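Student: Handing you this structure, nothing more for now.
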Amino acid sequence: MRRIICFVVVLLIGLANSACGSPTAKLTVKVVDEQGVPIQGAMTFVSFSKPNYSGIGVADILKEGKSDKEGSFSSQSNTMNYIGVSAKKEGYYHSDVNYKFTSSSRLPNRWKPWNPTVEVVLKKKRNPVPMYHKFVEWEPVPELNEPVGYDLEKGDWVVPYGKGLNSDFIFEVNSDQRAWTDYNSSYKLTFSNEKDGIQEFVFDKDDKSYYKWLFEALQDGYQQLMSKFRNDSPQTGLQTNEKKGINYIFRVRTQTDKDGKIIAAKFGKIEGEIRIIPGKINFSYYFNPDGTRNLEEDPQRNLFKNK
């Protein structure tokens with residue numbers, strides 16, 4: 001008789017969960033720093049979801065709380081199988097993680113595994129500094145087929161084409177446009193000093209932090225020439241050597257001693273590709289003027305806005 005009663009209770013719980021639609025999920029968020037040490041007091045958010053009653057779209061169910069001394073925060077809800085998890089704390093960069101359940105049980109109506117641990121790594125802010133940040137949005141190149149300097153600190157072409165004084169980047173742009181979708185365009189990027197240069201940087205796909213850059217620029221690996229092209233025609237279609245998911249770190253204004261050892265330089269970074277269309281160029285950069293290799297910008301102190 002007791003077994004029958006227990007079975008009925010389990011059956012009723014399962015039916016109740018089924019009546020709510022999606023299975024129930026429970027998970028525990030574990031917030032840690034880069035060394036794996038638990039972080040207490042981090043605001044933690046778990047975003048469950050379920051179909052709208054109208055049958056159109058999805059409604060979010062947000063649960064939030066602070067991590068305990070073990071860095072943990074647990075939550076549960078009826079939900080679809082995709083779960084969004086995020087955490088933040090003063091002095092750290094926030095991180096966002098997704099979790100997907102792949103199976104469920106009918107009785108009780110639950111996602112499996114029950115209560116998995118989802119780790120969220122928060123990177124500690126080290127030394128965010130003010131930088132010159134500018135999005136050069138399809139800027140017309142003042143002179144084609146000739147080298148033209150761009151001053152990153154002024155955010156402009158060098159004189160006589162603009163207010164710039166230092167040729168940090170030197171672009172030589174070539175364009176031949178016959179129609180809107182029939183053109184050849186390319187550029188060569190060079191630099192003013194022997195030890196200046198640029199190198200590719202790809203974000204780690206497993207890094208879920210808001211801040212994905214290196215904290216300090218590398219000392220070696222800079223190239224003094226970079227070439228890109230973007231061509232289009234009705235016969236061949238679009239052809240380009242531009243790369244998706246690419247970023248760049250650069251070194252400019254490099255000074256050396258008599259033995260060729262670097263004694264001073266300025267560093268910065270470029271988000272995404274430096275893109276080209278006929279007669280115009282497009283890139284987003286951060287330039288650190290303080291003479292260190294620090295790449296950690298303070299987004300609240302853009303030096304262009306504070307001039």
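Quick note on naming: the chains in the structure tokens go A, B, ... in the order shown, residues restart at 1 in each chain, and ligands are numbered from 1 in order of appearance.
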Excluding A:Pro289 and its own-chain neighbours fewer than 6 positions away, which residues fall within 9 Å of it when counting only C-alpha atoms? Please give them as a PyMOL selection string.
Tutor: chain A and resi 130-132+153+266-268
Student: Run DSSP on the backbone of this structure and report the residues of stretch 3-243 of chain A it assigns to strand (DSSP E or B), as a ChimeraX atom specification.
Tutor: /A:24-32,38,43-51,58-66,72-78,82-88,92-93,95-100,103-105,110-112,117-121,123-124,129-140,147-151,156-158,164,169-179,182-190,197-201,209,216,223,226-232,239-240
Student: Would you list the contacts of stretch 27-44 of chain A as an mmCIF file with all heavy atoms, in the first residue's frame, taking every protein, DNA or RNA residue within 9 Å and counting only C-alpha atoms, but skipping same-chain residues closer than 6 positions in sequence?
Tutor:
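After the write, part07.cif holds the following:
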```cif
data_model
loop_
_atom_site.group_PDB
_atom_site.id
_atom_site.type_symbol
_atom_site.label_atom_id
_atom_site.label_comp_id
_atom_site.auth_asym_id
_atom_site.auth_seq_id
_atom_site.Cartn_x
_atom_site.Cartn_y
_atom_site.Cartn_z
ATOM 1 N N LYS A 63 16.404 34.622 -12.444
ATOM 2 C CA LYS A 63 16.659 34.398 -11.028
ATOM 3 C C LYS A 63 18.033 35.002 -10.712
ATOM 4 O O LYS A 63 18.978 34.847 -11.490
ATOM 5 C CB LYS A 63 16.662 32.899 -10.708
ATOM 6 C CG LYS A 63 15.369 32.166 -11.062
ATOM 7 C CD LYS A 63 14.208 32.623 -10.188
ATOM 8 C CE LYS A 63 12.929 31.857 -10.513
ATOM 9 N NZ LYS A 63 12.941 30.472 -9.998
ATOM 10 N N GLU A 64 18.141 35.677 -9.594
ATOM 11 C CA GLU A 64 19.412 36.315 -9.248
ATOM 12 C C GLU A 64 19.676 36.229 -7.757
ATOM 13 O O GLU A 64 18.768 36.080 -6.931
ATOM 14 C CB GLU A 64 19.424 37.778 -9.690
ATOM 15 C CG GLU A 64 18.352 38.653 -9.048
ATOM 16 C CD GLU A 64 18.407 40.071 -9.567
ATOM 17 O OE1 GLU A 64 17.949 40.311 -10.692
ATOM 18 O OE2 GLU A 64 18.921 40.938 -8.818
ATOM 19 N N GLY A 65 20.948 36.300 -7.424
ATOM 20 C CA GLY A 65 21.360 36.266 -6.030
ATOM 21 C C GLY A 65 22.863 36.387 -5.930
ATOM 22 O O GLY A 65 23.570 36.422 -6.949
ATOM 23 N N LYS A 66 23.402 36.449 -4.732
ATOM 24 C CA LYS A 66 24.840 36.587 -4.529
ATOM 25 C C LYS A 66 25.471 35.230 -4.230
ATOM 26 O O LYS A 66 24.884 34.384 -3.559
ATOM 27 C CB LYS A 66 25.137 37.560 -3.383
ATOM 28 C CG LYS A 66 24.833 39.013 -3.728
ATOM 29 C CD LYS A 66 25.332 39.950 -2.643
ATOM 30 C CE LYS A 66 25.132 41.411 -3.051
ATOM 31 N NZ LYS A 66 25.665 42.346 -2.026
ATOM 32 N N SER A 67 26.679 35.048 -4.755
ATOM 33 C CA SER A 67 27.406 33.810 -4.502
ATOM 34 C C SER A 67 27.824 33.735 -3.034
ATOM 35 O O SER A 67 28.131 34.750 -2.412
ATOM 36 C CB SER A 67 28.632 33.722 -5.410
ATOM 37 O OG SER A 67 29.487 34.838 -5.215
ATOM 38 N N ASP A 68 27.831 32.518 -2.484
ATOM 39 C CA ASP A 68 28.210 32.325 -1.083
ATOM 40 C C ASP A 68 29.735 32.216 -0.953
ATOM 41 O O ASP A 68 30.471 32.462 -1.918
ATOM 42 C CB ASP A 68 27.502 31.103 -0.498
ATOM 43 C CG ASP A 68 27.856 29.804 -1.232
ATOM 44 O OD1 ASP A 68 28.913 29.772 -1.916
ATOM 45 O OD2 ASP A 68 27.089 28.835 -1.120
ATOM 46 N N LYS A 69 30.213 31.844 0.217
ATOM 47 C CA LYS A 69 31.654 31.803 0.455
ATOM 48 C C LYS A 69 32.356 30.762 -0.402
ATOM 49 O O LYS A 69 33.578 30.813 -0.591
ATOM 50 C CB LYS A 69 31.943 31.550 1.932
ATOM 51 C CG LYS A 69 31.450 30.216 2.454
ATOM 52 C CD LYS A 69 31.758 30.078 3.942
ATOM 53 C CE LYS A 69 31.264 28.731 4.477
ATOM 54 N NZ LYS A 69 31.573 28.585 5.920
ATOM 55 N N GLU A 70 31.584 29.818 -0.931
ATOM 56 C CA GLU A 70 32.134 28.826 -1.848
ATOM 57 C C GLU A 70 32.031 29.292 -3.298
ATOM 58 O O GLU A 70 32.381 28.552 -4.221
ATOM 59 C CB GLU A 70 31.409 27.479 -1.679
ATOM 60 C CG GLU A 70 31.480 26.899 -0.289
ATOM 61 C CD GLU A 70 32.908 26.594 0.135
ATOM 62 O OE1 GLU A 70 33.704 26.221 -0.751
ATOM 63 O OE2 GLU A 70 33.222 26.745 1.327
ATOM 64 N N GLY A 71 31.523 30.503 -3.487
ATOM 65 C CA GLY A 71 31.341 31.025 -4.835
ATOM 66 C C GLY A 71 30.115 30.492 -5.540
ATOM 67 O O GLY A 71 29.975 30.655 -6.754
ATOM 68 N N SER A 72 29.193 29.881 -4.783
ATOM 69 C CA SER A 72 28.075 29.165 -5.391
ATOM 70 C C SER A 72 26.746 29.903 -5.253
ATOM 71 O O SER A 72 26.503 30.620 -4.279
ATOM 72 C CB SER A 72 27.941 27.772 -4.765
ATOM 73 O OG SER A 72 29.091 27.006 -5.012
ATOM 74 N N PHE A 73 25.910 29.710 -6.252
ATOM 75 C CA PHE A 73 24.523 30.192 -6.228
ATOM 76 C C PHE A 73 23.677 29.193 -7.015
ATOM 77 O O PHE A 73 23.990 28.877 -8.158
ATOM 78 C CB PHE A 73 24.400 31.581 -6.854
ATOM 79 C CG PHE A 73 22.973 32.031 -7.065
ATOM 80 C CD1 PHE A 73 22.206 32.440 -5.984
ATOM 81 C CD2 PHE A 73 22.408 32.018 -8.329
ATOM 82 C CE1 PHE A 73 20.894 32.842 -6.175
ATOM 83 C CE2 PHE A 73 21.092 32.426 -8.525
ATOM 84 C CZ PHE A 73 20.342 32.843 -7.435
ATOM 85 N N SER A 74 22.612 28.674 -6.383
ATOM 86 C CA SER A 74 21.761 27.665 -7.011
ATOM 87 C C SER A 74 20.385 28.231 -7.324
ATOM 88 O O SER A 74 19.880 29.094 -6.603
ATOM 89 C CB SER A 74 21.620 26.431 -6.104
ATOM 90 O OG SER A 74 22.874 25.823 -5.881
ATOM 91 N N SER A 75 19.805 27.725 -8.407
ATOM 92 C CA SER A 75 18.493 28.214 -8.813
ATOM 93 C C SER A 75 17.801 27.142 -9.644
ATOM 94 O O SER A 75 18.453 26.286 -10.260
ATOM 95 C CB SER A 75 18.629 29.497 -9.627
ATOM 96 O OG SER A 75 17.364 30.023 -9.948
ATOM 97 N N GLN A 76 16.458 27.184 -9.673
ATOM 98 C CA GLN A 76 15.713 26.244 -10.492
ATOM 99 C C GLN A 76 14.425 26.871 -10.996
ATOM 100 O O GLN A 76 13.907 27.828 -10.430
ATOM 101 C CB GLN A 76 15.406 24.964 -9.715
ATOM 102 C CG GLN A 76 14.399 25.097 -8.613
ATOM 103 C CD GLN A 76 14.175 23.770 -7.899
ATOM 104 O OE1 GLN A 76 15.057 23.272 -7.182
ATOM 105 N NE2 GLN A 76 12.991 23.184 -8.111
ATOM 106 N N VAL A 85 23.718 32.254 -18.117
ATOM 107 C CA VAL A 85 24.293 32.482 -16.793
ATOM 108 C C VAL A 85 25.289 33.635 -16.886
ATOM 109 O O VAL A 85 26.085 33.705 -17.828
ATOM 110 C CB VAL A 85 25.013 31.224 -16.276
ATOM 111 C CG1 VAL A 85 25.703 31.507 -14.948
ATOM 112 C CG2 VAL A 85 24.032 30.068 -16.128
ATOM 113 N N SER A 86 25.248 34.549 -15.927
ATOM 114 C CA SER A 86 26.221 35.632 -15.886
ATOM 115 C C SER A 86 26.532 35.988 -14.438
ATOM 116 O O SER A 86 25.745 35.691 -13.528
ATOM 117 C CB SER A 86 25.715 36.866 -16.639
ATOM 118 O OG SER A 86 24.550 37.380 -16.037
ATOM 119 N N ALA A 87 27.683 36.616 -14.253
ATOM 120 C CA ALA A 87 28.086 37.030 -12.912
ATOM 121 C C ALA A 87 28.912 38.307 -13.016
ATOM 122 O O ALA A 87 29.593 38.542 -14.015
ATOM 123 C CB ALA A 87 28.887 35.932 -12.215
ATOM 124 N N LYS A 88 28.832 39.121 -11.961
ATOM 125 C CA LYS A 88 29.617 40.343 -11.927
ATOM 126 C C LYS A 88 29.915 40.720 -10.486
ATOM 127 O O LYS A 88 29.192 40.347 -9.554
ATOM 128 C CB LYS A 88 28.865 41.496 -12.609
ATOM 129 C CG LYS A 88 27.582 41.912 -11.911
ATOM 130 C CD LYS A 88 26.915 43.085 -12.642
ATOM 131 C CE LYS A 88 25.675 43.564 -11.894
ATOM 132 N NZ LYS A 88 25.042 44.722 -12.580
ATOM 133 N N LYS A 89 30.995 41.456 -10.313
ATOM 134 C CA LYS A 89 31.363 41.980 -8.997
ATOM 135 C C LYS A 89 32.273 43.170 -9.201
ATOM 136 O O LYS A 89 33.060 43.204 -10.160
ATOM 137 C CB LYS A 89 32.054 40.908 -8.142
ATOM 138 C CG LYS A 89 32.293 41.373 -6.702
ATOM 139 C CD LYS A 89 32.905 40.295 -5.832
ATOM 140 C CE LYS A 89 33.074 40.814 -4.405
ATOM 141 N NZ LYS A 89 33.686 39.807 -3.508
ATOM 142 N N GLU A 90 32.160 44.132 -8.319
ATOM 143 C CA GLU A 90 33.007 45.323 -8.378
ATOM 144 C C GLU A 90 34.479 44.903 -8.384
ATOM 145 O O GLU A 90 34.921 44.081 -7.582
ATOM 146 C CB GLU A 90 32.729 46.219 -7.171
ATOM 147 C CG GLU A 90 33.437 47.563 -7.218
ATOM 148 C CD GLU A 90 32.851 48.492 -8.280
ATOM 149 O OE1 GLU A 90 31.660 48.334 -8.620
ATOM 150 O OE2 GLU A 90 33.597 49.381 -8.753
ATOM 151 N N TYR A 92 35.909 43.449 -10.984
ATOM 152 C CA TYR A 92 36.095 42.351 -11.926
ATOM 153 C C TYR A 92 35.334 42.663 -13.218
ATOM 154 O O TYR A 92 34.379 43.450 -13.227
ATOM 155 C CB TYR A 92 35.559 41.028 -11.358
ATOM 156 C CG TYR A 92 36.289 40.503 -10.153
ATOM 157 C CD1 TYR A 92 35.984 40.973 -8.877
ATOM 158 C CD2 TYR A 92 37.271 39.522 -10.275
ATOM 159 C CE1 TYR A 92 36.646 40.484 -7.753
ATOM 160 C CE2 TYR A 92 37.932 39.026 -9.162
ATOM 161 C CZ TYR A 92 37.612 39.508 -7.903
ATOM 162 O OH TYR A 92 38.263 39.016 -6.804
ATOM 163 N N PRO A 113 21.514 16.532 -16.671
ATOM 164 C CA PRO A 113 21.595 16.105 -15.276
ATOM 165 C C PRO A 113 20.908 17.098 -14.342
ATOM 166 O O PRO A 113 20.781 18.282 -14.674
ATOM 167 C CB PRO A 113 23.095 16.054 -15.023
ATOM 168 C CG PRO A 113 23.656 17.076 -15.956
ATOM 169 C CD PRO A 113 22.817 17.009 -17.187
ATOM 170 N N TRP A 114 20.493 16.623 -13.217
ATOM 171 C CA TRP A 114 19.873 17.485 -12.220
ATOM 172 C C TRP A 114 20.961 18.208 -11.428
ATOM 173 O O TRP A 114 21.887 17.604 -10.914
ATOM 174 C CB TRP A 114 18.994 16.655 -11.284
ATOM 175 C CG TRP A 114 18.282 17.458 -10.236
ATOM 176 C CD1 TRP A 114 18.552 17.489 -8.903
ATOM 177 C CD2 TRP A 114 17.168 18.328 -10.445
ATOM 178 N NE1 TRP A 114 17.689 18.331 -8.249
ATOM 179 C CE2 TRP A 114 16.810 18.867 -9.174
ATOM 180 C CE3 TRP A 114 16.441 18.722 -11.564
ATOM 181 C CZ2 TRP A 114 15.767 19.760 -9.001
ATOM 182 C CZ3 TRP A 114 15.390 19.605 -11.394
ATOM 183 C CH2 TRP A 114 15.065 20.120 -10.133
ATOM 184 N N ASN A 115 20.857 19.524 -11.404
ATOM 185 C CA ASN A 115 21.767 20.390 -10.656
ATOM 186 C C ASN A 115 23.238 20.253 -11.071
ATOM 187 O O ASN A 115 24.124 20.024 -10.236
ATOM 188 C CB ASN A 115 21.642 20.141 -9.144
ATOM 189 C CG ASN A 115 22.244 21.278 -8.329
ATOM 190 O OD1 ASN A 115 22.371 22.407 -8.814
ATOM 191 N ND2 ASN A 115 22.612 20.984 -7.097
ATOM 192 N N PRO A 116 23.544 20.457 -12.357
ATOM 193 C CA PRO A 116 24.955 20.512 -12.764
ATOM 194 C C PRO A 116 25.604 21.798 -12.257
ATOM 195 O O PRO A 116 24.924 22.783 -11.971
ATOM 196 C CB PRO A 116 24.868 20.505 -14.291
ATOM 197 C CG PRO A 116 23.561 21.172 -14.582
ATOM 198 C CD PRO A 116 22.626 20.713 -13.482
ATOM 199 N N THR A 117 26.914 21.798 -12.158
ATOM 200 C CA THR A 117 27.658 22.991 -11.759
ATOM 201 C C THR A 117 28.184 23.690 -13.009
ATOM 202 O O THR A 117 28.852 23.070 -13.841
ATOM 203 C CB THR A 117 28.834 22.631 -10.835
ATOM 204 O OG1 THR A 117 28.316 22.053 -9.626
ATOM 205 C CG2 THR A 117 29.644 23.875 -10.475
ATOM 206 N N VAL A 118 27.871 24.975 -13.137
ATOM 207 C CA VAL A 118 28.324 25.787 -14.264
ATOM 208 C C VAL A 118 29.328 26.799 -13.740
ATOM 209 O O VAL A 118 28.978 27.650 -12.916
ATOM 210 C CB VAL A 118 27.138 26.505 -14.949
ATOM 211 C CG1 VAL A 118 27.631 27.356 -16.116
ATOM 212 C CG2 VAL A 118 26.099 25.496 -15.416
ATOM 213 N N GLU A 119 30.559 26.701 -14.195
ATOM 214 C CA GLU A 119 31.613 27.594 -13.696
ATOM 215 C C GLU A 119 31.653 28.887 -14.496
ATOM 216 O O GLU A 119 31.605 28.875 -15.721
ATOM 217 C CB GLU A 119 32.964 26.895 -13.769
ATOM 218 C CG GLU A 119 34.096 27.702 -13.132
ATOM 219 C CD GLU A 119 35.407 26.947 -13.109
ATOM 220 O OE1 GLU A 119 36.137 27.008 -14.123
ATOM 221 O OE2 GLU A 119 35.691 26.294 -12.077
ATOM 222 N N VAL A 120 31.750 29.996 -13.774
ATOM 223 C CA VAL A 120 31.898 31.318 -14.390
ATOM 224 C C VAL A 120 33.174 31.946 -13.856
ATOM 225 O O VAL A 120 33.336 32.099 -12.639
ATOM 226 C CB VAL A 120 30.691 32.226 -14.077
ATOM 227 C CG1 VAL A 120 30.883 33.606 -14.715
ATOM 228 C CG2 VAL A 120 29.398 31.596 -14.576
ATOM 229 N N VAL A 121 34.077 32.285 -14.766
ATOM 230 C CA VAL A 121 35.370 32.859 -14.379
ATOM 231 C C VAL A 121 35.309 34.380 -14.529
ATOM 232 O O VAL A 121 34.978 34.887 -15.603
ATOM 233 C CB VAL A 121 36.513 32.292 -15.239
ATOM 234 C CG1 VAL A 121 37.847 32.924 -14.833
ATOM 235 C CG2 VAL A 121 36.568 30.778 -15.122
ATOM 236 N N LEU A 122 35.623 35.096 -13.456
ATOM 237 C CA LEU A 122 35.690 36.556 -13.492
ATOM 238 C C LEU A 122 37.152 36.997 -13.491
ATOM 239 O O LEU A 122 37.934 36.581 -12.629
ATOM 240 C CB LEU A 122 34.980 37.173 -12.282
ATOM 241 C CG LEU A 122 33.485 36.898 -12.144
ATOM 242 C CD1 LEU A 122 32.917 37.728 -10.986
ATOM 243 C CD2 LEU A 122 32.730 37.202 -13.423
ATOM 244 N N LYS A 123 37.518 37.815 -14.475
ATOM 245 C CA LYS A 123 38.869 38.371 -14.523
ATOM 246 C C LYS A 123 38.936 39.633 -13.679
ATOM 247 O O LYS A 123 38.073 40.508 -13.805
ATOM 248 C CB LYS A 123 39.255 38.714 -15.962
ATOM 249 C CG LYS A 123 39.419 37.530 -16.880
ATOM 250 C CD LYS A 123 39.839 38.010 -18.262
ATOM 251 C CE LYS A 123 39.963 36.865 -19.236
ATOM 252 N NZ LYS A 123 40.346 37.333 -20.595
ATOM 253 N N LYS A 124 39.957 39.720 -12.863
ATOM 254 C CA LYS A 124 40.116 40.903 -12.021
ATOM 255 C C LYS A 124 40.638 42.069 -12.857
ATOM 256 O O LYS A 124 41.540 41.902 -13.691
ATOM 257 C CB LYS A 124 41.091 40.616 -10.879
ATOM 258 C CG LYS A 124 41.106 41.698 -9.808
ATOM 259 C CD LYS A 124 41.926 41.265 -8.622
ATOM 260 C CE LYS A 124 41.912 42.313 -7.520
ATOM 261 N NZ LYS A 124 40.569 42.579 -6.998
#
```
Student: What does the structure give for the distance between atom CA of A:Arg253 and atom CA of A:Ala265, in Å to one decimal?
Tutor: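 Between these atoms lies a distance of 5.3 Å.
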Student: List the spatial neighbours of A:Phe48 as number ranges by chain - criterion: any atom at most 8 Å away, only C-alpha atoms, same-chain residues fewer than 2 positions off excluded.
Tutor: A: 46, 50, 60-63, 77-80, 82-84
Student: Report as a tab-separated table: every residue of stretch 43-143 of chain A with an atom at most 12 Å from stretch 166-184 of chain A, its closest pair of atoms, and their distance in Å to one decimal, counting only C-alpha atoms, with rows sorted by chain and ascending residue number.
Tutor:
```
residue	atom	partner	partner_atom	distance
A:Glu139	CA	A:Val173	CA	11.9
A:Pro140	CA	A:Val173	CA	10.3
A:Val141	CA	A:Val173	CA	7.4
A:Pro142	CA	A:Val173	CA	9.7
A:Glu143	CA	A:Val173	CA	7.9
```
Student: Between A:Asn282, A:Ser227, A:Ser186, A:Thr24, single out the one closest to A:Leu107, counting only C-alpha atoms.
Tutor: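 That would be A:Thr24, the residue with the smallest distance to A:Leu107.
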Student: Report, in Å to a single decimal, how far apart atom CA of A:Val158 and atom CA of A:Thr254 are.
Tutor: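 Atom-to-atom, atom CA of A:Thr254 to atom CA of A:Val158, that is 18.1 Å.
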Student: Check the smallest atom-to-atom distance from each of A:Ser192, A:Asn145, A:Ser47, A:Ser185 to A:Ile276 using only C-alpha atoms, then report the winner.
Tutor: A:Ser185
